[in-house]
$ cat upload-v3.pdb   # PDB, C-alpha atoms and all ligand atoms
ATOM      1  CA  MET A  30      69.947-125.657  73.781  1.00  0.00           C
ATOM      2  CA  SER A  31      67.363-127.672  75.680  1.00  0.00           C
ATOM      3  CA  GLU A  32      68.007-130.033  78.561  1.00  0.00           C
ATOM      4  CA  LYS A  33      66.809-132.846  76.312  1.00  0.00           C
ATOM      5  CA  SER A  34      69.355-132.132  73.595  1.00  0.00           C
ATOM      6  CA  ASN A  35      72.280-131.491  75.943  1.00  0.00           C
ATOM      7  CA  PRO A  36      72.163-133.473  79.189  1.00  0.00           C
ATOM      8  CA  CYS A  37      75.827-132.540  79.761  1.00  0.00           C
ATOM      9  CA  GLN A  38      74.829-129.173  81.206  1.00  0.00           C
ATOM     10  CA  SER A  39      73.408-130.880  84.268  1.00  0.00           C
ATOM     11  CA  CYS A  40      76.091-133.565  84.490  1.00  0.00           C
ATOM     12  CA  GLY A  41      79.860-133.046  84.085  1.00  0.00           C
ATOM     13  CA  ALA A  42      80.673-136.530  85.356  1.00  0.00           C
ATOM     14  CA  CYS A  43      83.199-137.297  82.613  1.00  0.00           C
ATOM     15  CA  CYS A  44      85.153-134.154  83.562  1.00  0.00           C
ATOM     16  CA  ALA A  45      85.525-135.579  87.058  1.00  0.00           C
ATOM     17  CA  ASN A  46      86.216-139.238  86.442  1.00  0.00           C
ATOM     18  CA  PHE A  47      89.005-139.841  83.912  1.00  0.00           C
ATOM     19  CA  ARG A  48      92.504-138.586  83.274  1.00  0.00           C
ATOM     20  CA  VAL A  49      91.908-136.250  80.330  1.00  0.00           C
ATOM     21  CA  SER A  50      95.024-136.709  78.201  1.00  0.00           C
ATOM     22  CA  PHE A  51      96.009-135.357  74.794  1.00  0.00           C
ATOM     23  CA  TYR A  52      98.962-134.748  72.502  1.00  0.00           C
ATOM     24  CA  TRP A  53     101.072-132.023  74.065  1.00  0.00           C
ATOM     25  CA  ALA A  54     100.899-129.717  71.029  1.00  0.00           C
ATOM     26  CA  GLU A  55      97.174-129.160  71.615  1.00  0.00           C
ATOM     27  CA  ALA A  56      98.269-126.751  74.355  1.00  0.00           C
ATOM     28  CA  ASP A  57      98.825-123.117  73.423  1.00  0.00           C
ATOM     29  CA  ASP A  58     102.567-123.266  74.023  1.00  0.00           C
ATOM     30  CA  GLY A  59     102.715-126.006  71.383  1.00  0.00           C
ATOM     31  CA  GLY A  60     100.616-124.105  68.830  1.00  0.00           C
ATOM     32  CA  GLY A  61      97.226-125.344  69.976  1.00  0.00           C
ATOM     33  CA  ALA A  62      94.409-123.699  71.873  1.00  0.00           C
ATOM     34  CA  ILE A  63      94.319-125.208  75.355  1.00  0.00           C
ATOM     35  CA  PRO A  64      95.651-122.751  77.953  1.00  0.00           C
ATOM     36  CA  SER A  65      98.881-124.417  79.022  1.00  0.00           C
ATOM     37  CA  GLN A  66      98.490-123.303  82.649  1.00  0.00           C
ATOM     38  CA  PHE A  67      95.483-125.637  82.829  1.00  0.00           C
ATOM     39  CA  THR A  68      97.609-128.606  81.773  1.00  0.00           C
ATOM     40  CA  GLU A  69     100.293-130.809  83.263  1.00  0.00           C
ATOM     41  CA  LYS A  70     102.940-133.039  81.701  1.00  0.00           C
ATOM     42  CA  VAL A  71     102.319-136.798  81.584  1.00  0.00           C
ATOM     43  CA  ASN A  72     105.371-137.610  79.443  1.00  0.00           C
ATOM     44  CA  ASP A  73     107.329-136.022  76.579  1.00  0.00           C
ATOM     45  CA  TRP A  74     104.397-136.461  74.179  1.00  0.00           C
ATOM     46  CA  THR A  75     101.361-136.273  76.368  1.00  0.00           C
ATOM     47  CA  ARG A  76      99.734-133.785  78.703  1.00  0.00           C
ATOM     48  CA  CYS A  77      96.553-133.949  80.699  1.00  0.00           C
ATOM     49  CA  MET A  78      94.110-131.442  82.106  1.00  0.00           C
ATOM     50  CA  ARG A  79      95.302-130.366  85.521  1.00  0.00           C
ATOM     51  CA  GLY A  80      93.267-131.979  88.248  1.00  0.00           C
ATOM     52  CA  THR A  81      92.356-135.084  86.270  1.00  0.00           C
ATOM     53  CA  TRP A  82      95.490-137.109  87.098  1.00  0.00           C
ATOM     54  CA  SER A  83      94.306-137.834  90.579  1.00  0.00           C
ATOM     55  CA  ASN A  84      92.533-140.435  92.673  1.00  0.00           C
ATOM     56  CA  SER A  85      89.643-137.975  92.829  1.00  0.00           C
ATOM     57  CA  PRO A  86      89.818-136.404  89.391  1.00  0.00           C
ATOM     58  CA  ARG A  87      88.193-133.106  88.589  1.00  0.00           C
ATOM     59  CA  CYS A  88      89.320-130.915  85.720  1.00  0.00           C
ATOM     60  CA  VAL A  89      90.409-127.432  86.791  1.00  0.00           C
ATOM     61  CA  ALA A  90      88.341-125.979  83.959  1.00  0.00           C
ATOM     62  CA  LEU A  91      85.091-127.520  85.184  1.00  0.00           C
ATOM     63  CA  GLN A  92      82.745-124.980  86.715  1.00  0.00           C
ATOM     64  CA  GLY A  93      79.727-125.773  88.843  1.00  0.00           C
ATOM     65  CA  GLU A  94      78.526-128.875  90.667  1.00  0.00           C
ATOM     66  CA  VAL A  95      78.641-132.309  89.068  1.00  0.00           C
ATOM     67  CA  GLY A  96      75.169-133.743  88.618  1.00  0.00           C
ATOM     68  CA  ARG A  97      73.486-130.361  88.991  1.00  0.00           C
ATOM     69  CA  SER A  98      74.730-127.509  86.815  1.00  0.00           C
ATOM     70  CA  VAL A  99      78.115-127.344  85.105  1.00  0.00           C
ATOM     71  CA  ALA A 100      80.057-125.661  82.317  1.00  0.00           C
ATOM     72  CA  CYS A 101      83.488-125.970  80.771  1.00  0.00           C
ATOM     73  CA  GLY A 102      85.519-122.835  81.395  1.00  0.00           C
ATOM     74  CA  ILE A 103      87.560-123.382  78.220  1.00  0.00           C
ATOM     75  CA  TYR A 104      84.817-124.808  76.026  1.00  0.00           C
ATOM     76  CA  ALA A 105      86.050-123.395  72.713  1.00  0.00           C
ATOM     77  CA  ALA A 106      89.608-124.490  73.501  1.00  0.00           C
ATOM     78  CA  ARG A 107      88.905-127.838  75.161  1.00  0.00           C
ATOM     79  CA  PRO A 108      91.041-130.888  74.251  1.00  0.00           C
ATOM     80  CA  SER A 109      90.192-133.313  71.475  1.00  0.00           C
ATOM     81  CA  ALA A 110      89.566-135.969  74.126  1.00  0.00           C
ATOM     82  CA  CYS A 111      86.684-133.894  75.461  1.00  0.00           C
ATOM     83  CA  ARG A 112      85.209-133.273  72.021  1.00  0.00           C
ATOM     84  CA  GLU A 113      85.149-136.995  71.333  1.00  0.00           C
ATOM     85  CA  VAL A 114      83.070-138.014  74.356  1.00  0.00           C
ATOM     86  CA  GLU A 115      79.433-138.464  73.427  1.00  0.00           C
ATOM     87  CA  ALA A 116      76.499-138.396  75.780  1.00  0.00           C
ATOM     88  CA  GLY A 117      75.040-141.867  75.932  1.00  0.00           C
ATOM     89  CA  SER A 118      78.341-143.604  75.112  1.00  0.00           C
ATOM     90  CA  ALA A 119      79.912-146.333  77.237  1.00  0.00           C
ATOM     91  CA  GLN A 120      82.395-143.770  78.584  1.00  0.00           C
ATOM     92  CA  CYS A 121      79.514-141.507  79.544  1.00  0.00           C
ATOM     93  CA  HIS A 122      77.669-144.321  81.308  1.00  0.00           C
ATOM     94  CA  LYS A 123      80.811-145.258  83.264  1.00  0.00           C
ATOM     95  CA  ALA A 124      81.418-141.694  84.410  1.00  0.00           C
ATOM     96  CA  ARG A 125      77.803-141.122  85.398  1.00  0.00           C
ATOM     97  CA  ALA A 126      77.670-144.385  87.330  1.00  0.00           C
ATOM     98  CA  ALA A 127      80.795-143.380  89.268  1.00  0.00           C
ATOM     99  CA  HIS A 128      78.940-140.257  90.395  1.00  0.00           C
ATOM    100  CA  GLY A 129      75.720-142.070  91.225  1.00  0.00           C
ATOM    101  CA  LEU A 130      73.922-140.660  88.204  1.00  0.00           C
ATOM    102  CA  ALA A 131      71.470-142.732  86.199  1.00  0.00           C
ATOM    103  CA  VAL A 132      72.337-143.986  82.744  1.00  0.00           C
ATOM    104  CA  LEU A 133      70.929-141.612  80.151  1.00  0.00           C
ATOM    105  CA  ARG A 134      67.771-142.851  78.520  1.00  0.00           C
ATOM    106  CA  ASP A 135      67.751-142.892  74.725  1.00  0.00           C
ATOM    107  CA  ASP A 136      65.162-140.139  74.654  1.00  0.00           C
ATOM    108  CA  ALA A 137      67.496-137.849  76.612  1.00  0.00           C
ATOM    109  CA  VAL A 138      70.010-137.816  73.754  1.00  0.00           C
ATOM    110  CA  ALA A 139      69.285-136.691  70.234  1.00  0.00           C
ATOM    111  CA  VAL A 140      69.579-139.723  67.956  1.00  0.00           C
ATOM    112  CA  ASN A 141      72.587-139.722  65.597  1.00  0.00           C
ATOM    113  CA  GLU A 142      73.689-136.349  66.866  1.00  0.00           C
ATOM    114  CA  PRO A 143      77.065-136.259  68.607  1.00  0.00           C
ATOM    115  CA  GLN A 144      76.768-134.254  71.803  1.00  0.00           C
ATOM    116  CA  PRO A 145      79.249-131.592  72.748  1.00  0.00           C
ATOM    117  CA  LEU A 146      80.817-132.132  76.109  1.00  0.00           C
ATOM    118  CA  LEU A 147      79.330-129.338  78.180  1.00  0.00           C
ATOM    119  CA  THR A 148      79.053-125.806  77.001  1.00  0.00           C
ATOM    120  CA  GLY A 149      80.878-122.626  77.764  1.00  0.00           C
TER
HETATM  121  S1  LIG A 201      79.038-136.961  78.078  1.00  0.00           S
HETATM  122 FE1  LIG A 201      77.852-138.060  79.633  1.00  0.00          FE
HETATM  123  S2  LIG A 201      79.153-138.067  81.458  1.00  0.00           S
HETATM  124 FE2  LIG A 201      79.928-136.453  80.078  1.00  0.00          FE
HETATM  125  S3  LIG A 201      78.894-134.570  80.747  1.00  0.00           S
HETATM  126 FE3  LIG A 201      77.682-135.462  79.077  1.00  0.00          FE
HETATM  127  S4  LIG A 201      76.109-136.703  80.085  1.00  0.00           S
HETATM  128 FE4  LIG A 201      77.753-136.332  81.583  1.00  0.00          FE
HETATM  129  S1  LIG A 202      85.200-130.486  78.763  1.00  0.00           S
HETATM  130 FE1  LIG A 202      86.261-128.786  79.800  1.00  0.00          FE
HETATM  131  S2  LIG A 202      85.870-129.106  81.991  1.00  0.00           S
HETATM  132 FE2  LIG A 202      85.485-131.064  80.950  1.00  0.00          FE
HETATM  133  S3  LIG A 202      87.412-132.204  81.051  1.00  0.00           S
HETATM  134 FE3  LIG A 202      87.359-131.106  79.085  1.00  0.00          FE
HETATM  135  S4  LIG A 202      88.438-129.177  79.494  1.00  0.00           S
HETATM  136 FE4  LIG A 202      87.862-130.052  81.477  1.00  0.00          FE
END

$ encode --input "upload-v3.pdb" --output "structure tokens" --more "lines below"
Ligand code: SF4
Ligand code: SF4
Amino acid sequence: MSEKSNPCQSCGACCANFRVSFYWAEADDGGGAIPSQFTEKVNDWTRCMRGTWSNSPRCVALQGEVGRSVACGIYAARPSACREVEAGSAQCHKARAAHGLAVLRDDAVAVNEPQPLLTG
């Protein structure tokens, strides 16, 4: 995949800006796919990716350096919350701004094509 079609590979800001929460059963000990050792309990119904419930969040599954070269270590098993983030969205802009990264230009994101969050 080209840099133009997937700017996430040189970003990763949204993996190091928000608490990444999801329904607990998305973890593998609830029948889902997310490795449970990478998660922590938020409440009886919700878990989050370990490392993201912090004043300086960074998901434990994030590999590489934010703003340079990154990958998700559990890409195929990542939470629904991660799958739903789209490059060029308001959430993306907020995360990039928090890391001092420029807002993505329209021509950096394929039009009408949801972007996967990082790649494995
Ligand atoms: S969705 Fe946006 S903030 Fe998240 S990795 Fe992709 S470009 Fe970066
Ligand atoms: S895409 Fe991967 S590295 Fe990023 S927050 Fe989700 S699980 Fe963590």

$ closest_atom_pairs --input "upload-v3.pdb" --of "chain A" --to "ligand LIG 201 (chain A)" --cutoff "9 Å" --atoms "all atoms listed in the file" --output "CSV"
residue,atom,partner,partner_atom,distance
A:Asn35,CA,A:LIG201,FE3,7.4
A:Pro36,CA,A:LIG201,S4,5.2
A:Cys37,CA,A:LIG201,FE3,3.5
A:Gln38,CA,A:LIG201,S3,6.8
A:Ser39,CA,A:LIG201,FE4,7.5
A:Cys40,CA,A:LIG201,FE4,4.3
A:Gly41,CA,A:LIG201,S3,3.8
A:Ala42,CA,A:LIG201,S2,4.5
A:Cys43,CA,A:LIG201,FE2,4.2
A:Cys44,CA,A:LIG201,FE2,6.7
A:Ala45,CA,A:LIG201,S2,8.8
A:Asn46,CA,A:LIG201,S2,8.7
A:Val95,CA,A:LIG201,FE4,8.5
A:Gly96,CA,A:LIG201,FE4,7.9
A:Val99,CA,A:LIG201,S3,8.5
A:Cys111,CA,A:LIG201,FE2,8.6
A:Val114,CA,A:LIG201,S1,5.6
A:Glu115,CA,A:LIG201,S1,4.9
A:Ala116,CA,A:LIG201,S1,3.7
A:Gly117,CA,A:LIG201,FE1,6.0
A:Ser118,CA,A:LIG201,FE1,7.2
A:Ala119,CA,A:LIG201,FE1,8.9
A:Gln120,CA,A:LIG201,S2,7.2
A:Cys121,CA,A:LIG201,FE1,3.8
A:His122,CA,A:LIG201,S2,6.4
A:Lys123,CA,A:LIG201,S2,7.6
A:Ala124,CA,A:LIG201,S2,5.2
A:Arg125,CA,A:LIG201,S2,5.2
A:Ala126,CA,A:LIG201,S2,8.8
A:Leu130,CA,A:LIG201,FE4,8.8
A:Val132,CA,A:LIG201,S4,8.6
A:Leu133,CA,A:LIG201,S4,7.1
A:Val138,CA,A:LIG201,S4,8.9
A:Gln144,CA,A:LIG201,S1,7.2
A:Pro145,CA,A:LIG201,S1,7.6
A:Leu146,CA,A:LIG201,FE3,5.5
A:Leu147,CA,A:LIG201,S3,5.8

$ closest_atom_pairs --input "upload-v3.pdb" --of "chain A" --to "ligand LIG 202 (chain A)" --cutoff "8 Å" --atoms "all atoms listed in the file" --output "CSV"
residue,atom,partner,partner_atom,distance
A:Gly41,CA,A:LIG202,FE2,6.7
A:Cys43,CA,A:LIG202,S3,6.8
A:Cys44,CA,A:LIG202,S3,3.9
A:Ala45,CA,A:LIG202,S3,7.1
A:Val49,CA,A:LIG202,S3,6.1
A:Met78,CA,A:LIG202,FE4,6.4
A:Thr81,CA,A:LIG202,S3,7.7
A:Arg87,CA,A:LIG202,S3,7.6
A:Cys88,CA,A:LIG202,FE4,4.6
A:Val89,CA,A:LIG202,FE4,6.4
A:Ala90,CA,A:LIG202,S2,4.4
A:Leu91,CA,A:LIG202,S2,3.6
A:Gln92,CA,A:LIG202,S2,7.0
A:Ala100,CA,A:LIG202,S2,6.8
A:Cys101,CA,A:LIG202,FE1,4.1
A:Gly102,CA,A:LIG202,FE1,6.2
A:Ile103,CA,A:LIG202,FE1,5.8
A:Tyr104,CA,A:LIG202,FE1,5.7
A:Ala106,CA,A:LIG202,S4,7.7
A:Arg107,CA,A:LIG202,S4,4.6
A:Pro108,CA,A:LIG202,FE3,6.1
A:Ala110,CA,A:LIG202,FE3,7.3
A:Cys111,CA,A:LIG202,FE3,4.6
A:Arg112,CA,A:LIG202,S1,7.3
A:Leu146,CA,A:LIG202,S1,5.4
A:Leu147,CA,A:LIG202,S1,6.0
A:Thr148,CA,A:LIG202,S1,7.9

$ axis_aligned_box --input "upload-v3.pdb" --around "region 106-110 of chain A" --padding-each-side "3 Å" --output "AutoDock Vina command-line options"
--center_x 90.0 --center_y -130.2 --center_z 73.3 --size_x 8.1 --size_y 17.5 --size_z 9.7

$ resolve_selection --input "upload-v3.pdb" --expression "the PyMOL selection byres (((chain A and resi 76) around 7) and not hetatm)" --output "PDB file with C-alpha atoms, keeping the file's coordinate frame"
ATOM      1  CA  SER A  50      95.024-136.709  78.201  1.00  0.00           C
ATOM      2  CA  PHE A  51      96.009-135.357  74.794  1.00  0.00           C
ATOM      3  CA  TYR A  52      98.962-134.748  72.502  1.00  0.00           C
ATOM      4  CA  TRP A  53     101.072-132.023  74.065  1.00  0.00           C
ATOM      5  CA  THR A  68      97.609-128.606  81.773  1.00  0.00           C
ATOM      6  CA  GLU A  69     100.293-130.809  83.263  1.00  0.00           C
ATOM      7  CA  LYS A  70     102.940-133.039  81.701  1.00  0.00           C
ATOM      8  CA  VAL A  71     102.319-136.798  81.584  1.00  0.00           C
ATOM      9  CA  ASN A  72     105.371-137.610  79.443  1.00  0.00           C
ATOM     10  CA  THR A  75     101.361-136.273  76.368  1.00  0.00           C
ATOM     11  CA  CYS A  77      96.553-133.949  80.699  1.00  0.00           C
ATOM     12  CA  MET A  78      94.110-131.442  82.106  1.00  0.00           C
TER      13      MET A  78
END

$ closest_residue --input "upload-v3.pdb" --among "A:Arg48, A:Asp57, A:Arg134, A:Ala105" --to "Pro86 (chain A)" --atoms "all atoms listed in the file"
A:Arg48
